[in-house]
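Please read the structure below before turning to the comments.
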Amino acid sequence: MNPAQAGLKFFVLSGAILILAGVAQALARPPKARERGLQRYFNGATVRAVVFVTVGVLAIMVGLGVIRIG
């Protein structure tokens, strides 16, 4: 196996873990009693979950060779 390909598999695996963590975090967060409208969607946990999923998708794209690094 080429060492460069082994390094790219790391990106795919870590990207998948980030996506799973982001989705789980968004689904597991209990809503507070007085959250209404946009407060429900724009809070720290939701923004962090979106960042996790975005970085995870980018990492998978690097691992698959869609985005080239270096």
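Residues are referred to by chain and number: the chain letter is A, B, ... according to the order shown in the structure tokens, the number counts from 1 in that chain, and ligands are numbered separately from 1 in the order shown.
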
Write out as a PyMOL selection string the residues lying within 7 Å of region 56-58 of chain A, counting only C-alpha atoms and excluding same-chain residues fewer than 5 positions away.
chain A and resi 15-16+18-19

Skipping near chain neighbours, those fewer than 2 positions away, what residues fall within 12 Å of Phe10 (chain A) using only C-alpha atoms, listed as a count of residues only?
19

Please indicate the distance in Å from CA of Leu20 (chain A) to CA of Leu38 (chain A), rounded to one decimal place.
24.0 Å

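With only C-alpha atoms as the basis for measurement, A:Ala49 is the residue among A:Arg36, A:Phe42, A:Lys9, A:Ala49 that approaches Ala21 (chain A) most closely.
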
Could you tell me, as JSON, numbers by chain, which residues of chain A DSSP assigns to helix (DSSP H, G or I) when given the backbone?
{"A": [3, 4, 5, 6, 7, 8, 9, 10, 11, 12, 13, 14, 15, 16, 17, 18, 19, 20, 21, 22, 23, 24, 25, 26, 27, 28, 37, 38, 39, 40, 44, 45, 46, 47, 48, 49, 50, 51, 52, 53, 54, 55, 56, 57, 58, 59, 60, 61, 62, 63, 64]}

Output of the above residues as a short mmCIF file (atom, residue, chain, number, x, y, z; two decimals), in the first residue's frame, restricted to N, CA and C atoms:
data_model
loop_
_atom_site.label_atom_id
_atom_site.label_comp_id
_atom_site.auth_asym_id
_atom_site.auth_seq_id
_atom_site.Cartn_x
_atom_site.Cartn_y
_atom_site.Cartn_z
N PRO A 3 2.04 4.76 1.08
CA PRO A 3 1.86 5.53 2.32
C PRO A 3 0.96 6.74 2.16
N ALA A 4 0.96 7.33 0.98
CA ALA A 4 0.09 8.49 0.75
C ALA A 4 -1.38 8.08 0.79
N GLN A 5 -1.70 6.90 0.28
CA GLN A 5 -3.08 6.43 0.31
C GLN A 5 -3.52 6.11 1.73
N ALA A 6 -2.61 5.60 2.53
CA ALA A 6 -2.94 5.31 3.92
C ALA A 6 -3.24 6.61 4.67
N GLY A 7 -2.52 7.67 4.35
CA GLY A 7 -2.78 8.96 4.98
C GLY A 7 -4.13 9.53 4.59
N LEU A 8 -4.55 9.26 3.35
CA LEU A 8 -5.84 9.76 2.90
C LEU A 8 -7.00 9.00 3.55
N LYS A 9 -6.77 7.73 3.88
CA LYS A 9 -7.81 6.97 4.57
C LYS A 9 -8.09 7.57 5.95
N PHE A 10 -7.06 8.17 6.55
CA PHE A 10 -7.25 8.85 7.82
C PHE A 10 -8.27 9.98 7.67
N PHE A 11 -8.21 10.71 6.56
CA PHE A 11 -9.14 11.81 6.35
C PHE A 11 -10.57 11.30 6.20
N VAL A 12 -10.74 10.19 5.51
CA VAL A 12 -12.08 9.62 5.34
C VAL A 12 -12.63 9.15 6.67
N LEU A 13 -11.83 8.46 7.44
CA LEU A 13 -12.29 7.96 8.74
C LEU A 13 -12.59 9.10 9.71
N SER A 14 -11.69 10.06 9.80
CA SER A 14 -11.91 11.17 10.73
C SER A 14 -13.08 12.03 10.28
N GLY A 15 -13.27 12.19 8.97
CA GLY A 15 -14.41 12.94 8.47
C GLY A 15 -15.73 12.26 8.82
N ALA A 16 -15.77 10.95 8.69
CA ALA A 16 -16.99 10.21 9.05
C ALA A 16 -17.29 10.34 10.54
N ILE A 17 -16.25 10.30 11.36
CA ILE A 17 -16.45 10.45 12.81
C ILE A 17 -16.97 11.84 13.14
N LEU A 18 -16.43 12.86 12.48
CA LEU A 18 -16.90 14.23 12.72
C LEU A 18 -18.36 14.39 12.30
N ILE A 19 -18.74 13.81 11.18
CA ILE A 19 -20.13 13.91 10.74
C ILE A 19 -21.06 13.22 11.73
N LEU A 20 -20.69 12.03 12.17
CA LEU A 20 -21.51 11.31 13.15
C LEU A 20 -21.63 12.09 14.46
N ALA A 21 -20.52 12.68 14.91
CA ALA A 21 -20.55 13.46 16.15
C ALA A 21 -21.42 14.70 16.00
N GLY A 22 -21.34 15.36 14.86
CA GLY A 22 -22.16 16.55 14.65
C GLY A 22 -23.64 16.24 14.60
N VAL A 23 -23.99 15.18 13.89
CA VAL A 23 -25.41 14.79 13.80
C VAL A 23 -25.93 14.36 15.17
N ALA A 24 -25.14 13.57 15.88
CA ALA A 24 -25.57 13.11 17.21
C ALA A 24 -25.73 14.28 18.16
N GLN A 25 -24.84 15.25 18.07
CA GLN A 25 -24.93 16.41 18.95
C GLN A 25 -26.17 17.23 18.64
N ALA A 26 -26.50 17.39 17.37
CA ALA A 26 -27.69 18.16 17.00
C ALA A 26 -28.96 17.44 17.43
N LEU A 27 -28.98 16.12 17.35
CA LEU A 27 -30.19 15.38 17.70
C LEU A 27 -30.36 15.17 19.20
N ALA A 28 -29.26 15.13 19.93
CA ALA A 28 -29.34 14.80 21.35
C ALA A 28 -29.53 16.02 22.24
N GLY A 37 -38.64 30.22 18.10
CA GLY A 37 -38.22 30.67 16.78
C GLY A 37 -36.78 30.34 16.46
N LEU A 38 -36.02 31.38 16.11
CA LEU A 38 -34.64 31.19 15.69
C LEU A 38 -33.71 30.82 16.83
N GLN A 39 -34.09 31.09 18.06
CA GLN A 39 -33.26 30.69 19.20
C GLN A 39 -33.07 29.18 19.25
N ARG A 40 -34.05 28.46 18.79
CA ARG A 40 -33.98 27.01 18.82
C ARG A 40 -32.90 26.49 17.88
N GLY A 44 -25.26 27.66 20.57
CA GLY A 44 -23.90 27.15 20.51
C GLY A 44 -23.80 25.71 20.04
N ALA A 45 -24.68 24.86 20.52
CA ALA A 45 -24.61 23.44 20.17
C ALA A 45 -24.93 23.21 18.69
N THR A 46 -25.90 23.93 18.17
CA THR A 46 -26.27 23.75 16.78
C THR A 46 -25.19 24.28 15.85
N VAL A 47 -24.64 25.43 16.18
CA VAL A 47 -23.56 25.99 15.36
C VAL A 47 -22.35 25.06 15.37
N ARG A 48 -22.02 24.51 16.54
CA ARG A 48 -20.90 23.57 16.64
C ARG A 48 -21.17 22.32 15.82
N ALA A 49 -22.41 21.83 15.83
CA ALA A 49 -22.76 20.64 15.04
C ALA A 49 -22.62 20.92 13.55
N VAL A 50 -23.00 22.11 13.10
CA VAL A 50 -22.86 22.46 11.69
C VAL A 50 -21.39 22.54 11.30
N VAL A 51 -20.56 23.08 12.19
CA VAL A 51 -19.12 23.14 11.92
C VAL A 51 -18.54 21.73 11.84
N PHE A 52 -18.93 20.85 12.74
CA PHE A 52 -18.44 19.47 12.71
C PHE A 52 -18.79 18.79 11.39
N VAL A 53 -20.03 18.93 10.96
CA VAL A 53 -20.46 18.27 9.72
C VAL A 53 -19.74 18.87 8.52
N THR A 54 -19.58 20.19 8.51
CA THR A 54 -18.89 20.84 7.38
C THR A 54 -17.44 20.39 7.29
N VAL A 55 -16.73 20.39 8.40
CA VAL A 55 -15.34 19.95 8.40
C VAL A 55 -15.24 18.47 8.06
N GLY A 56 -16.20 17.67 8.53
CA GLY A 56 -16.21 16.25 8.19
C GLY A 56 -16.39 15.99 6.71
N VAL A 57 -17.29 16.74 6.08
CA VAL A 57 -17.50 16.59 4.63
C VAL A 57 -16.23 17.01 3.88
N LEU A 58 -15.62 18.11 4.30
CA LEU A 58 -14.38 18.54 3.64
C LEU A 58 -13.26 17.51 3.81
N ALA A 59 -13.17 16.90 4.99
CA ALA A 59 -12.14 15.88 5.22
C ALA A 59 -12.37 14.66 4.34
N ILE A 60 -13.61 14.25 4.18
CA ILE A 60 -13.90 13.11 3.31
C ILE A 60 -13.58 13.45 1.86
N MET A 61 -13.86 14.68 1.45
CA MET A 61 -13.53 15.08 0.09
C MET A 61 -12.01 15.09 -0.14
N VAL A 62 -11.25 15.48 0.87
CA VAL A 62 -9.78 15.41 0.76
C VAL A 62 -9.35 13.95 0.68
N GLY A 63 -9.94 13.11 1.51
CA GLY A 63 -9.58 11.69 1.52
C GLY A 63 -9.89 10.98 0.22
N LEU A 64 -10.95 11.40 -0.46
CA LEU A 64 -11.34 10.77 -1.72
C LEU A 64 -10.63 11.39 -2.92
#
